[in-house]
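A.B. asks: Have a look at this one.
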Amino acid sequence: MPDTAARQNPFGLIGLAVMGQNLVLNIESRGFAVSVFNRSAEATEAFVAAQPGRRIHGTRTLAEFVASLARPRTIMLMVKAGAAVDAVIEQLVPLLDKDDIVIDGGNSHYADTERRDAALAARGLRFVGAGVSGGEEGARKGPSIMPGGPASTWQVLRPIFESIAARVGPAPGEPCVMHIGEGGAGHYVKMVHNGIEYGDMQLICEAYALMQAAGMSTDAMAAVFAQWNEGELQSYLIEITARILEQRDADTGAPLVDVILDKAGQKGTGQWTLASAADNAVVVSTINAAVEARVLSSMKAARVAASTRLQGPAGRLGIDPAVLVPRLHEALYASKIVSYAQGLDLMATMSARKGWNLDLGGIARIWRGGCIIRARFLGHIAEAYRHAGAAPANLMLAPFAEAALNRAQGAWREVVASAVHAGVPVPAMSASLAYYDAYRSARLPANLLQAQRDFFGAHTYERVDKPSGEWFHTRWPEVIG
């Protein structure tokens with residue numbers, strides 16, 4: 001590696017796994033020289049050697065890395081969330097000076113980000129938790145970036161982040177990055193993004209399962225998803241689903257999807273979303289169903305054993321695909337709206353609690369490109385929340401969503417009912433429909449629930465014929481035996 005002691009590069013990155021490498025290549029391609037460091041010097045040397053002629057400068061030690069950067073130093077960490085981030089920060093901080101900036105670009109928990117922010121601020125340093133979405137391709141060609149931290153620090157980072165972010169709209173396009181809010185806001189919004197991603201993916205998998213139950217071939221399913229990607233369901237996830245279903249296994253010639261074991265993994269951001277929703281008393285039933293579906297999928301041995309003992313329908317739909325597919329389109333789109341409605345509700349609630357003042361319309365705009373959940377209908381969401389004073393209380397009440405849900409609800413019910421009758425599990429579609437029906441119900445059976453609570457715990461209740469805020473208790477008959 002070349003001597004970098006005299007260099008004063010504007011940006012440094014620590015962590016040269018695939019995401020880190022692709023971000024470095026993206027940053028350098030936008031005109032910024034980059035210093036890089038990895039705990040394995042061999043990995044650094046190999047990466048730099050593979051990029052001849054680029055302004056990428058490898059360093060052997062953290063001290064050499066820090067010395068190579070212009071002040072105030074701007075350093076991005078792309079290391080595994082958790083203890084690894086703390087370990088790097090602990091080694092890095094003694095080498096830094098007042099006003100240097102440390103950016104955590106991994107999938108860290110927002111509470112960890114706020115803890116690190118406070119610790120570094122006490123030492124005169126600036127810390128930013130930045131969610132980065134788009135996977136390997138996004139990192140290289142343009143991700144969606146969700147930076148938190150002080151607004152003043154955003155002004156320093158803005159030129160680089162806007163240059164490397166995905167862009168949408170007429171040239172030169174709008175960069176898919178904005179300052180999200182103070183403290184851990186950036187990582188929180190990325191967490192909810194991932195929760196919505198869980199919901200999106202599960203809903204698509206349920207549509208696939210129903211097509212399969214109707215006897216459709218993978219090629220026929222691929223054609224449907226490709227067609228859907230030309231309309232209001234257009235999204236990155238729909239597009240890659242079509243491509244996945246087209247792929248053949250090199251060894252067997254069978255559809256590749258058919259030889260992949262049905263055990264899904266997860267890295268924890270979906271579970272974090274559920275925990276935050278519980279803490280904030282926000283319903284995210286679609287996301288919850290998606291997380292639980294992954295958990296159930298991991299119980300492969302138990303499911304195989306249960307399949308020989310627990311009775312039920314054979315999982316076959318007696319519906320002509322020509323009838324099923326249009327209904328399924330409506331059910332998928334309606335369920336998708338509900339999933340986003342729940343995620344936006346969670347962000348709005350947490351924003352009020354933390355004083356982040358999240359711009360939900362702006363967040364939808366930067367999700368239109370680069371990120372995994374990028375989709376055409378995010379433009380409708382951005383428009384619905386463009387003016388804070390006129391924002392809907394729930395996304396389902398935005399004019400475009402209200403019209404789509406009212407149009408789709410009949411087909412949606414047919415799909416869920418058909419799935420139940422056939423024994424095909426559709427937990428996310430079912431949860432979405434139940435949320436829709438509960439939200440539109442002027443009266444729910446919670447009156448009986450309140451009576452139960454008052455019976456066993458004297459928790460009191462309000463009455464329909466008395467002013468709100470007046471509480472009553474009944475002396476219920478004693479239960480004997």
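Following the order of the structure tokens, first chain is A, next is B, and so on, with residues numbered from 1 inside each chain and ligands from 1 in the order they appear.
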If we count only C-alpha atoms, what is near A:Ile366 at a cut-off of 9 Å, once residues fewer than 2 positions away on the same chain are taken out, given as a PyMOL selection string?
C.D. replies: chain A and resi 144-146+166-168+174-178+361-364+368-371+374
A.B. asks: Could you make a table, as a tab-separated table, of the residues of stretch 323-366 of chain A that have an atom within 9 Å of an atom of stretch 425-429 of chain A, each with its nearest atom pair and distance in Å to one decimal, counting only C-alpha atoms, in chain and number order?
C.D. replies:
residue	atom	partner	partner_atom	distance
A:Ala331	CA	A:Met429	CA	7.3
A:Leu332	CA	A:Met429	CA	7.4
A:Ala334	CA	A:Met429	CA	8.8
A:Ser335	CA	A:Met429	CA	5.7
A:Lys336	CA	A:Met429	CA	8.7
A:Ser339	CA	A:Ala428	CA	8.8
A.B. asks: Which stretch 166-214 of chain A residues have any atom within 12 Å of an atom of stretch 413-424 of chain A, and for each, what is the nearest pair of atoms with distance in Å to one decimal, counting only C-alpha atoms, rows sorted by chain and number, as a Markdown table?
C.D. replies:
| residue | atom | partner | partner_atom | distance |
| --- | --- | --- | --- | --- |
| A:Leu203 | CA | A:Val416 | CA | 11.9 |
| A:Cys205 | CA | A:Val424 | CA | 11.6 |
| A:Glu206 | CA | A:Val424 | CA | 8.6 |
| A:Ala207 | CA | A:Val415 | CA | 9.5 |
| A:Tyr208 | CA | A:Val424 | CA | 11.0 |
| A:Ala209 | CA | A:Val424 | CA | 7.5 |
| A:Leu210 | CA | A:Val424 | CA | 7.2 |
| A:Met211 | CA | A:Val424 | CA | 10.7 |
| A:Gln212 | CA | A:Val424 | CA | 10.1 |
| A:Ala213 | CA | A:Val424 | CA | 7.7 |
| A:Ala214 | CA | A:Ala422 | CA | 10.1 |
A.B. asks: Between A:Gly148, A:Asn26, A:Gly183, A:Lys354, which residue has the minimum interatomic distance to A:Ala118, considering only C-alpha atoms?
C.D. replies: A:Gly183
A.B. asks: May I ask for the distance between atom CA of A:Gly410 and atom CA of A:Leu344, given in Å to one decimal place?
C.D. replies: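 Here the two named atoms are 25.0 Å from each other.
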A.B. asks: Compile the contact shell of A:Gly134 as a PyMOL selection string: residues with an atom at most 8 Å away, counting only C-alpha atoms, same-chain residues fewer than 2 positions apart removed.
C.D. replies: chain A and resi 132+136-139+142-144+370-372
A.B. asks: Hey, what's within 8 Å of A:Ser285 if we count only C-alpha atoms and toss same-chain stuff fewer than 3 positions away? As a list in words, please?
C.D. replies: Asn288, Ala289, Gln342, Ala428, Ala431, Ser432 and Tyr435 of chain A
A.B. asks: Applying 9 Å and only C-alpha atoms, which residues near A:Gln266 remain after dropping the ones on its own chain fewer than 3 positions away? List them as a PDB file with N, CA and C atoms, in the first residue's frame.
C.D. replies:
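What landed in out01.pdb:
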ATOM      1  N   THR A 269     -33.877  -6.627  12.770  1.00  0.00           N
ATOM      2  CA  THR A 269     -34.525  -5.314  12.682  1.00  0.00           C
ATOM      3  C   THR A 269     -36.045  -5.426  12.705  1.00  0.00           C
ATOM      4  N   GLY A 270     -36.579  -6.525  12.182  1.00  0.00           N
ATOM      5  CA  GLY A 270     -38.024  -6.728  12.261  1.00  0.00           C
ATOM      6  C   GLY A 270     -38.480  -6.891  13.694  1.00  0.00           C
ATOM      7  N   GLN A 271     -37.726  -7.648  14.480  1.00  0.00           N
ATOM      8  CA  GLN A 271     -38.065  -7.836  15.886  1.00  0.00           C
ATOM      9  C   GLN A 271     -37.930  -6.527  16.658  1.00  0.00           C
ATOM     10  N   VAL A 291     -42.850 -11.235  10.662  1.00  0.00           N
ATOM     11  CA  VAL A 291     -41.772 -11.723  11.530  1.00  0.00           C
ATOM     12  C   VAL A 291     -42.101 -13.130  12.027  1.00  0.00           C
ATOM     13  N   ARG A 294     -41.503 -15.852   9.510  1.00  0.00           N
ATOM     14  CA  ARG A 294     -40.103 -16.275   9.399  1.00  0.00           C
ATOM     15  C   ARG A 294     -39.733 -17.223  10.539  1.00  0.00           C
ATOM     16  N   VAL A 295     -40.215 -16.912  11.729  1.00  0.00           N
ATOM     17  CA  VAL A 295     -39.932 -17.785  12.872  1.00  0.00           C
ATOM     18  C   VAL A 295     -40.508 -19.179  12.628  1.00  0.00           C
TER      19      VAL A 295
END
A.B. asks: Name the residues of stretch 24-96 of chain A that come out as alpha helix (DSSP H) in a backbone DSSP run; write them as a PyMOL selection string.
C.D. replies: chain A and resi 24-29+41-49+62-67+83-92
A.B. asks: As an exercise, work out the distance from atom CA of A:Ile196 to atom CA of A:Ser276 in Å and give it to one decimal place.
C.D. replies: 13.5 Å
A.B. asks: For A:Arg115, find every residue with an atom within 9 Å (counting only C-alpha atoms), except residues of its own chain fewer than 4 positions away, and show them as number ranges by chain.
C.D. replies: A: 110-111, 119-120, 183-184
A.B. asks: Determine the nearest neighbour of A:Ala352 from the options A:Ala185, A:Ala17, A:Ala314, A:Thr153, counting only C-alpha atoms.
C.D. replies: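 Between A:Ala185, A:Ala17, A:Ala314, A:Thr153, the residue approaching A:Ala352 most closely is A:Ala185.
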A.B. asks: Excluding A:Tyr385 and its own-chain neighbours fewer than 3 positions away, which residues fall within 9 Å of it when counting only C-alpha atoms? Please give them as a list in words.
C.D. replies: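 Near A:Tyr385, the qualifying residues are Asp359, Leu360, Gly361, Gly362, Ala364, His380, Ile381, Ala382, Ala388, Gly389, Ala390, Ala391, Pro392, Leu395 and Ala398 of chain A.
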A.B. asks: Please produce a file of the residues just selected, as a compact mmCIF listing (two decimals), in the first residue's frame, where the atoms kept are N, CA, C and O atoms.
C.D. replies:
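As a result, part14.txt now contains:
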# COMPACT_ATOMS: atom_id res chain seq x y z
N ASP A 359 -40.29 14.13 8.99
CA ASP A 359 -41.01 14.53 7.78
C ASP A 359 -41.39 13.26 7.03
O ASP A 359 -40.60 12.72 6.25
N LEU A 360 -42.60 12.76 7.26
CA LEU A 360 -43.01 11.49 6.66
C LEU A 360 -43.07 11.57 5.14
O LEU A 360 -42.72 10.60 4.45
N GLY A 361 -43.48 12.71 4.60
CA GLY A 361 -43.49 12.87 3.16
C GLY A 361 -42.08 12.83 2.59
O GLY A 361 -41.83 12.20 1.55
N GLY A 362 -41.16 13.49 3.28
CA GLY A 362 -39.76 13.48 2.84
C GLY A 362 -39.15 12.10 2.91
O GLY A 362 -38.40 11.68 2.02
N ALA A 364 -40.78 9.25 2.62
CA ALA A 364 -41.32 8.50 1.49
C ALA A 364 -40.61 8.87 0.20
O ALA A 364 -40.35 8.01 -0.65
N HIS A 380 -47.16 8.46 -4.21
CA HIS A 380 -48.47 8.81 -3.68
C HIS A 380 -48.38 9.11 -2.18
O HIS A 380 -49.04 10.03 -1.68
N ILE A 381 -47.58 8.32 -1.47
CA ILE A 381 -47.42 8.55 -0.03
C ILE A 381 -46.74 9.89 0.21
O ILE A 381 -47.14 10.67 1.09
N ALA A 382 -45.69 10.17 -0.56
CA ALA A 382 -44.98 11.45 -0.41
C ALA A 382 -45.94 12.61 -0.62
O ALA A 382 -45.91 13.61 0.12
N ALA A 388 -47.76 18.99 6.21
CA ALA A 388 -47.95 18.40 7.55
C ALA A 388 -49.34 18.70 8.11
O ALA A 388 -49.98 17.84 8.71
N GLY A 389 -49.83 19.91 7.89
CA GLY A 389 -51.13 20.28 8.45
C GLY A 389 -52.29 19.54 7.83
O GLY A 389 -53.35 19.42 8.44
N ALA A 390 -52.09 19.05 6.59
CA ALA A 390 -53.16 18.35 5.89
C ALA A 390 -52.91 16.85 5.81
O ALA A 390 -53.61 16.14 5.08
N ALA A 391 -51.91 16.36 6.54
CA ALA A 391 -51.57 14.94 6.48
C ALA A 391 -52.70 14.10 7.05
O ALA A 391 -53.35 14.48 8.02
N PRO A 392 -52.97 12.93 6.47
CA PRO A 392 -54.04 12.08 6.99
C PRO A 392 -53.68 11.51 8.35
O PRO A 392 -52.50 11.31 8.67
N LEU A 395 -52.53 6.56 6.86
CA LEU A 395 -52.34 6.49 5.42
C LEU A 395 -53.58 5.97 4.70
O LEU A 395 -53.86 6.38 3.57
N ALA A 398 -55.72 8.65 3.21
CA ALA A 398 -55.26 9.47 2.09
C ALA A 398 -56.13 9.15 0.88
O ALA A 398 -56.52 8.00 0.67
